[in-house]
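Remarks on the structure that follows.
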Amino acid sequence: MDFLNAIIAFLNYVFIPGVAYGSQLALGALGVTLVYGILRFSNFAHGDTMALGSMATVLMTWLFQSWGISLGPLPTALLALPFGILFTIGLLLFTDRAVYKFYRVKKAKPVILVIVSLGITFIYNGVTRFIIGPDDQNFFDGERFIISAREFKKATGLAEGLSFKTTQGITIVTAVIVVVALFWFLNKTRAGKSMRAYSDNEDLALLSGINPERVVMITWIIVAFLTTIAGVLYGLDKSFKPFTYFQLLLPIFASAIVGGLGNPIGAIAGGFVIAFSEVTITYAWKKILVYLMPESLEPSGLVQLLSTDYKFAVSFVILLIVLLFKPTGLFKGQSV
Amino acid sequence: MKKMLMATTAAALVATSAFADGHAKEVKLGILFGFTGPIESLTGPMSAGAEMAMKEVTDSGMLLDGAKVTSIRADGGCIDNGMATAGAERLLAEGINGLVGSDCSGVTGAVLQNVAIPNGMVMISPSATSPGLTTMEDNGLFFRTSPSDAREGEVMAEILQERGVKSIALTYTNNDYGKGLADAIESSFKAIGGEVTIVAAHEDGKADYSAEVGALASAGGDLLVVAGYLDQGGAGIIKSALDAGAWETFGLPGGMIGENLPKTIGPDLDGSYGQIAGSQGNGIDKLVEMAGDAFDATSPYTPESYDAAALFMMAMQAANSTDPADYKDKILEVANAPGEKIYPGELGKALELIKAGKDVDYVGASAVELIGPGESAGTYRMIEVKDGKNETIGFK
């Protein structure tokens, strides 16, 4: 029984939150890594693109809710998601046409594009706040839990509860589907192959007749998919607040860089490395050890490696170590 | 042409000053609150409360023979020292005679050290509650109508004991306010024999709080006390803890009490309880009546804001001067016994009494009684969340 309790406590406080947060980071990091691999700059506006895309979805969700449309146990936001994605595609293509294209044609240095994207960040930032405001917005409906802690305890008679939220389930399932679809697209379709070719060698790709504008357009469309899905999943699981999307930028970039910038597999691995390092290293293992150890060996302290204050330090130390020993990231990406 | 321009400008200047003289004196009070930031949902009613006191005095025409009191607002951002200091400096440049504020403890200390003391400006804060401000050297320029968190720690420990709570896990927002309050709660609760399993900080506005909740849950405890902000990380921690099934009831100190919290969290918050500086009796009822529908006078720290503004004006009358150096010594005098008790809505009467050389004892909306270096002795409202609303269940 004690062994089971230990496993449940581990699942409930470390594994499930880690996997859900890791999936959210992985989806975000995939977008960052694609822009870096193909358009060759670090897109700082990524977090706020997520915020804007989610905002469109939130507004659509409210509209559907007011019409009485719902998906039963699933959140209505899933129904509104395609509209949010359409909005984000429009937004990104417009931004590209209006801003990035100008610098691309001039073959501007990546560092200039980085600063340009920072400017875009502030504009998106303002637009989001102008339309929906800076406050927390709740747009979740439907069933909250797949397994709730209280029911789990009642059903199994264990001392530890296991809770698995609907949003965590959706997050993980969606992340898997999106990643599979993305890899299929990149490896099996003509457009995907031309994107990889363009990423490997721009000039060679041009010579073999690949239209760069088309590659750029497809990239932004995929990025719109990824950001909106990541943003909406995050908003459903935690809450929609424009400022936290800006804050998400740091862990997302850390994930992409740890995994290897420009490498999609790396982005996914990086997302989980960062999420789990944040949760496990600052976790107080007392609860689990008390179940596992014989009474005489039970720890009296918290068995916490580092206080949670150092949560962010942990991900950046990992980032530094990886960059020191493998400058291109865990999976071979481009060096920064 | 140039001369012509000069002449008209000069004429206009002379005319305005003459006009101002004829219209008696103007007293300017600055209001430096965080209109943006972690407690932005509280500062609206707070400033409305302070401005209502000013309007009341202006209408009575009793202050320094008919002086007009105007308010000038500035945004202090609550957690941004640079922004608050800049705001305070702007207010000084506009010629304020007293400063109501600031709201959060960290910025209040910064404004006091960097702006108020060098310029000899008096500050009365309605809501800065850090125990650190009690001992800060202030040249007699700083007062507050809210009690120190050291007192809140004692009150919270008593409430927990009455409810039969034996052990608590404690998390605080990582700043002056959170740290001071967490220390106070921890030491008071331990002093009465309670156990504190863990004290962990959380940062505001972060993306994910499962690591914090994991550590807190592992340490265990009957109750999770969240010494944070309701519009910020505090709400995130509670949400995450509820989702993981780690706790079902929470202890909510002052910074977590506000209408937004039950609204964000939903019905799961029912049964959680806490306390916030607040008073009972005639004063607050009178203020609610005066405010009517214009703003919510029972919103946290709103009565204290009314009182802060009122104290300024009564002290000015007592000193017969708007110079901070003159009236700063009068603030304790008008706030405390002996004298006739003064409630909200009676500011005109109070000014009249002071002018006649009589003593007043300002009670106001929050039962003001300034102790020590000029801070409120502190009554607390006990709050319990019932059916998605904060309900007052008693006083301490």
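How things are named: the first chain in the structure tokens is A, the next is B, and so on; residues count from 1 in each chain; ligands count from 1 in the order shown.
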query: Taking the backbone alone, and naming residues the way the document does, which bits of segment 99-259 of chain B are helix (DSSP H, G or I) by DSSP, as a ChimeraX atom specification?
result: /B:105-119,132-135,149-162,176-191,210-219,233-244,254-256
- prompt: Counting only C-alpha atoms, which residues of chain B come no farther than 7 Å from chain A, as a list in words?
  reply: Ala200, Ala201, His202, Gly205, Lys206, Ala207, Ser210, Ala211, Glu212, Gly214, Ala215, Ser218, Ala219, Asp243, Ala244 and Gly245 of chain B
Please produce a file of the residues just selected, as a short mmCIF file (atom, residue, chain, number, x, y, z; two decimals), in the first residue's frame, where the atoms kept are N, CA and C atoms.
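Saved the output as selection.cif:
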```cif
data_model
loop_
_atom_site.label_atom_id
_atom_site.label_comp_id
_atom_site.auth_asym_id
_atom_site.auth_seq_id
_atom_site.Cartn_x
_atom_site.Cartn_y
_atom_site.Cartn_z
N ALA B 200 7.77 28.78 2.15
CA ALA B 200 8.36 28.86 0.81
C ALA B 200 7.87 30.10 0.09
N ALA B 201 8.77 30.75 -0.62
CA ALA B 201 8.39 31.95 -1.38
C ALA B 201 7.82 31.54 -2.72
N HIS B 202 6.98 32.39 -3.29
CA HIS B 202 6.61 32.23 -4.70
C HIS B 202 6.76 33.57 -5.39
N GLY B 205 3.28 36.36 -11.00
CA GLY B 205 3.19 36.42 -12.46
C GLY B 205 3.96 35.34 -13.20
N LYS B 206 4.18 34.19 -12.58
CA LYS B 206 4.91 33.13 -13.27
C LYS B 206 3.95 32.21 -14.01
N ALA B 207 4.55 31.42 -14.91
CA ALA B 207 3.73 30.62 -15.80
C ALA B 207 3.16 29.39 -15.11
N SER B 210 3.28 24.48 -10.29
CA SER B 210 3.18 23.10 -9.79
C SER B 210 4.39 22.73 -8.94
N ALA B 211 5.56 23.30 -9.24
CA ALA B 211 6.74 23.00 -8.42
C ALA B 211 6.52 23.48 -6.99
N GLU B 212 6.03 24.71 -6.83
CA GLU B 212 5.79 25.26 -5.50
C GLU B 212 4.76 24.42 -4.75
N GLY B 214 3.91 21.36 -5.28
CA GLY B 214 4.47 20.05 -4.98
C GLY B 214 5.26 20.08 -3.69
N ALA B 215 6.13 21.06 -3.55
CA ALA B 215 6.95 21.16 -2.34
C ALA B 215 6.09 21.41 -1.11
N SER B 218 4.13 18.30 -0.14
CA SER B 218 4.98 17.28 0.44
C SER B 218 5.24 17.56 1.92
N ALA B 219 5.40 18.84 2.25
CA ALA B 219 5.61 19.19 3.64
C ALA B 219 4.35 18.97 4.46
N ASP B 243 -6.28 22.10 -7.83
CA ASP B 243 -6.27 21.16 -8.94
C ASP B 243 -5.59 19.86 -8.56
N ALA B 244 -4.49 19.96 -7.79
CA ALA B 244 -3.76 18.76 -7.41
C ALA B 244 -4.43 18.05 -6.25
N GLY B 245 -5.45 18.68 -5.67
CA GLY B 245 -6.12 18.07 -4.52
C GLY B 245 -5.28 18.10 -3.27
#
```
Where in segment 151-395 of chain B does DSSP assign strand (DSSP E), given as an mmCIF file with C-alpha atoms, in the first residue's frame?
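And here is the file that came out, out.cif:
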```
data_model
loop_
_atom_site.group_PDB
_atom_site.id
_atom_site.type_symbol
_atom_site.label_atom_id
_atom_site.label_comp_id
_atom_site.auth_asym_id
_atom_site.auth_seq_id
_atom_site.Cartn_x
_atom_site.Cartn_y
_atom_site.Cartn_z
ATOM 1 C CA SER B 167 -0.032 22.737 11.568
ATOM 2 C CA ILE B 168 0.215 25.011 8.548
ATOM 3 C CA ALA B 169 2.228 25.227 5.353
ATOM 4 C CA LEU B 170 3.096 28.822 4.517
ATOM 5 C CA THR B 171 3.884 30.439 1.181
ATOM 6 C CA TYR B 172 4.507 34.132 0.593
ATOM 7 C CA THR B 173 4.989 36.480 -2.318
ATOM 8 C CA GLU B 195 3.657 23.784 13.775
ATOM 9 C CA VAL B 196 4.824 25.421 10.527
ATOM 10 C CA THR B 197 5.849 22.638 8.157
ATOM 11 C CA ILE B 198 7.401 24.770 5.419
ATOM 12 C CA VAL B 199 7.865 28.416 4.540
ATOM 13 C CA ALA B 200 8.358 28.858 0.812
ATOM 14 C CA ALA B 201 8.395 31.947 -1.379
ATOM 15 C CA HIS B 202 6.615 32.229 -4.698
ATOM 16 C CA LEU B 223 -4.058 24.353 6.052
ATOM 17 C CA LEU B 224 -2.150 26.299 3.416
ATOM 18 C CA VAL B 225 -1.635 29.950 4.317
ATOM 19 C CA VAL B 226 -1.033 32.088 1.225
ATOM 20 C CA ALA B 227 0.522 35.443 2.083
ATOM 21 C CA PHE B 250 -6.769 28.100 2.662
ATOM 22 C CA GLY B 251 -5.743 30.757 5.136
ATOM 23 C CA LEU B 252 -6.040 34.177 3.516
ATOM 24 C CA TYR B 273 -10.976 32.043 5.752
ATOM 25 C CA GLY B 274 -8.722 34.872 6.775
ATOM 26 C CA GLN B 275 -8.611 38.399 8.066
ATOM 27 C CA ILE B 276 -7.999 41.928 6.864
ATOM 28 C CA ALA B 277 -7.491 45.212 8.648
ATOM 29 C CA GLU B 340 -14.464 64.763 21.145
ATOM 30 C CA LYS B 341 -14.862 61.634 18.994
ATOM 31 C CA ILE B 342 -15.079 62.375 15.282
ATOM 32 C CA VAL B 360 -10.608 66.132 18.956
ATOM 33 C CA ASP B 361 -10.116 62.363 18.935
ATOM 34 C CA TYR B 362 -10.473 61.188 15.353
ATOM 35 C CA LEU B 370 -2.222 55.596 16.338
ATOM 36 C CA ILE B 371 0.379 53.878 18.489
ATOM 37 C CA GLU B 375 0.667 53.341 13.087
ATOM 38 C CA SER B 376 -2.780 51.949 13.701
ATOM 39 C CA TYR B 380 -9.236 43.055 11.998
ATOM 40 C CA ARG B 381 -12.262 41.822 10.168
ATOM 41 C CA MET B 382 -12.505 38.030 10.105
ATOM 42 C CA ILE B 383 -13.566 36.868 6.677
ATOM 43 C CA GLU B 384 -14.889 33.560 5.465
ATOM 44 C CA VAL B 385 -15.666 32.758 1.856
ATOM 45 C CA LYS B 386 -19.266 31.612 1.600
ATOM 46 C CA LYS B 389 -18.521 35.932 -1.488
ATOM 47 C CA ASN B 390 -16.250 37.272 1.225
ATOM 48 C CA GLU B 391 -18.386 37.464 4.341
ATOM 49 C CA THR B 392 -17.429 39.200 7.535
ATOM 50 C CA ILE B 393 -17.906 36.790 10.418
ATOM 51 C CA GLY B 394 -16.493 38.817 13.271
ATOM 52 C CA PHE B 395 -13.878 41.244 14.499
#
```
query: Which one is closest to Asn175 of chain B: B:Leu287, B:Ala315, B:Cys104, B:Ile238? Count only C-alpha atoms.
result: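 The shortest atom-to-atom distance to Asn175 of chain B comes from B:Cys104.
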- prompt: Leaving out segment 120-133 of chain A and any residue of its chain fewer than 3 positions from it, which residues lie within 9 Å of it when counting only C-alpha atoms, given as a PyMOL selection string?
  reply: chain A and resi 44-49+51-52+55+59+95+99+115-117+136-137+241-243+246
Using the selection just defined, write its residues with N, CA and C atoms as a PDB file, in the first residue's frame.
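Output (out-v2.pdb):
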```
ATOM      1  N   PHE A  44      11.174  37.026 -30.612  1.00  0.00           N
ATOM      2  CA  PHE A  44      10.752  37.379 -29.253  1.00  0.00           C
ATOM      3  C   PHE A  44       9.258  37.637 -29.153  1.00  0.00           C
ATOM      4  N   ALA A  45       8.628  37.855 -30.289  1.00  0.00           N
ATOM      5  CA  ALA A  45       7.188  38.130 -30.250  1.00  0.00           C
ATOM      6  C   ALA A  45       6.376  36.848 -30.054  1.00  0.00           C
ATOM      7  N   HIS A  46       7.072  35.721 -29.886  1.00  0.00           N
ATOM      8  CA  HIS A  46       6.363  34.445 -29.826  1.00  0.00           C
ATOM      9  C   HIS A  46       5.347  34.390 -28.682  1.00  0.00           C
ATOM     10  N   GLY A  47       5.784  34.799 -27.481  1.00  0.00           N
ATOM     11  CA  GLY A  47       4.888  34.759 -26.324  1.00  0.00           C
ATOM     12  C   GLY A  47       3.646  35.590 -26.553  1.00  0.00           C
ATOM     13  N   ASP A  48       3.824  36.763 -27.124  1.00  0.00           N
ATOM     14  CA  ASP A  48       2.655  37.628 -27.306  1.00  0.00           C
ATOM     15  C   ASP A  48       1.820  37.230 -28.514  1.00  0.00           C
ATOM     16  N   THR A  49       2.432  36.501 -29.463  1.00  0.00           N
ATOM     17  CA  THR A  49       1.601  35.919 -30.519  1.00  0.00           C
ATOM     18  C   THR A  49       0.669  34.897 -29.890  1.00  0.00           C
ATOM     19  N   ALA A  51      -0.449  35.001 -26.884  1.00  0.00           N
ATOM     20  CA  ALA A  51      -1.475  35.750 -26.150  1.00  0.00           C
ATOM     21  C   ALA A  51      -2.559  36.248 -27.100  1.00  0.00           C
ATOM     22  N   LEU A  52      -2.139  36.809 -28.252  1.00  0.00           N
ATOM     23  CA  LEU A  52      -3.127  37.351 -29.193  1.00  0.00           C
ATOM     24  C   LEU A  52      -3.996  36.239 -29.778  1.00  0.00           C
ATOM     25  N   MET A  55      -6.331  35.093 -27.276  1.00  0.00           N
ATOM     26  CA  MET A  55      -7.363  36.093 -27.062  1.00  0.00           C
ATOM     27  C   MET A  55      -8.486  35.921 -28.085  1.00  0.00           C
ATOM     28  N   LEU A  59     -12.378  35.047 -27.192  1.00  0.00           N
ATOM     29  CA  LEU A  59     -13.535  35.838 -27.620  1.00  0.00           C
ATOM     30  C   LEU A  59     -14.533  34.958 -28.376  1.00  0.00           C
ATOM     31  N   THR A  95       1.825  40.721 -40.441  1.00  0.00           N
ATOM     32  CA  THR A  95       3.041  41.246 -39.825  1.00  0.00           C
ATOM     33  C   THR A  95       4.242  40.996 -40.725  1.00  0.00           C
ATOM     34  N   VAL A  99       6.225  44.060 -42.031  1.00  0.00           N
ATOM     35  CA  VAL A  99       7.461  44.355 -41.300  1.00  0.00           C
ATOM     36  C   VAL A  99       8.636  43.468 -41.707  1.00  0.00           C
ATOM     37  N   ILE A 115      15.637  42.443 -32.803  1.00  0.00           N
ATOM     38  CA  ILE A 115      15.146  43.690 -32.199  1.00  0.00           C
ATOM     39  C   ILE A 115      13.799  44.074 -32.804  1.00  0.00           C
ATOM     40  N   VAL A 116      13.658  43.849 -34.121  1.00  0.00           N
ATOM     41  CA  VAL A 116      12.372  44.126 -34.761  1.00  0.00           C
ATOM     42  C   VAL A 116      11.282  43.294 -34.093  1.00  0.00           C
ATOM     43  N   SER A 117      11.591  42.021 -33.831  1.00  0.00           N
ATOM     44  CA  SER A 117      10.568  41.162 -33.223  1.00  0.00           C
ATOM     45  C   SER A 117      10.238  41.632 -31.818  1.00  0.00           C
ATOM     46  N   ASP A 136      -7.047  38.519 -15.566  1.00  0.00           N
ATOM     47  CA  ASP A 136      -7.313  37.102 -15.746  1.00  0.00           C
ATOM     48  C   ASP A 136      -8.663  36.914 -16.422  1.00  0.00           C
ATOM     49  N   GLN A 137      -8.720  36.025 -17.426  1.00  0.00           N
ATOM     50  CA  GLN A 137     -10.015  35.731 -18.043  1.00  0.00           C
ATOM     51  C   GLN A 137     -10.264  34.240 -17.947  1.00  0.00           C
ATOM     52  N   LYS A 241      -3.993  35.135 -18.984  1.00  0.00           N
ATOM     53  CA  LYS A 241      -3.591  36.448 -18.497  1.00  0.00           C
ATOM     54  C   LYS A 241      -2.453  36.912 -19.389  1.00  0.00           C
ATOM     55  N   PRO A 242      -2.637  38.032 -20.116  1.00  0.00           N
ATOM     56  CA  PRO A 242      -1.635  38.423 -21.114  1.00  0.00           C
ATOM     57  C   PRO A 242      -0.210  38.433 -20.568  1.00  0.00           C
ATOM     58  N   PHE A 243      -0.035  38.902 -19.342  1.00  0.00           N
ATOM     59  CA  PHE A 243       1.325  39.056 -18.823  1.00  0.00           C
ATOM     60  C   PHE A 243       2.051  37.724 -18.683  1.00  0.00           C
ATOM     61  N   PHE A 246       3.916  36.559 -21.749  1.00  0.00           N
ATOM     62  CA  PHE A 246       5.214  37.207 -21.925  1.00  0.00           C
ATOM     63  C   PHE A 246       6.255  36.499 -21.064  1.00  0.00           C
TER      64      PHE A 246
END
```
task: Compile the contact shell of segment 90-100 of chain B as a PyMOL selection string: residues with an atom at most 9 Å away, counting only C-alpha atoms, same-chain residues fewer than 3 positions apart removed.
output: chain B and resi 27-33+50+71-74+85-87+103+115-116+119+121-126+305+308-309+312+322-324
Among listed residues B:Gly101, B:Pro262, B:Gly345, B:Gly76, nearest Met54 of chain B (using only C-alpha atoms):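 Of all the options, B:Gly345 lies closest to Met54 of chain B.
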message: Quick one: residues within 12 Å of Ile69 of chain A, only C-alpha atoms, excluding same-chain residues fewer than 6 positions away - as a PyMOL selection string?
response: chain A and resi 60-63+75-80+141-142
task: Would you work out the distance separating atom CA of Glu304 of chain B from atom CA of Leu160 of chain B, expressed in Å to one decimal?
output: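 Value for the atom CA of Glu304 of chain B-atom CA of Leu160 of chain B distance: 25.5 Å.
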- prompt: What lies within 10 Å of Met217 of chain A using only C-alpha atoms, ignoring chain neighbours under 6 positions off, as a ChimeraX atom specification?
  reply: /A:89,92-93,96-97,223
Give me the residues near Asp204 of chain B as a compact mmCIF listing (two decimals) with C-alpha atoms, in the first residue's frame, where near means some atom within 8 Å (using only C-alpha atoms) and where sequence neighbours in that chain fewer than 3 positions away do not count.
```txt
# COMPACT_ATOMS: atom_id res chain seq x y z
CA THR B 173 4.99 36.48 -2.32
CA ASN B 174 8.67 37.25 -2.60
CA GLN B 232 -1.17 37.71 -8.80
CA GLY B 233 0.73 34.58 -7.78
CA GLY B 234 -1.47 34.02 -4.72
```
query: How many Å lie between atom CA of Ile354 of chain B and atom CA of Met314 of chain B, rounded to one decimal?
result: 7.8 Å
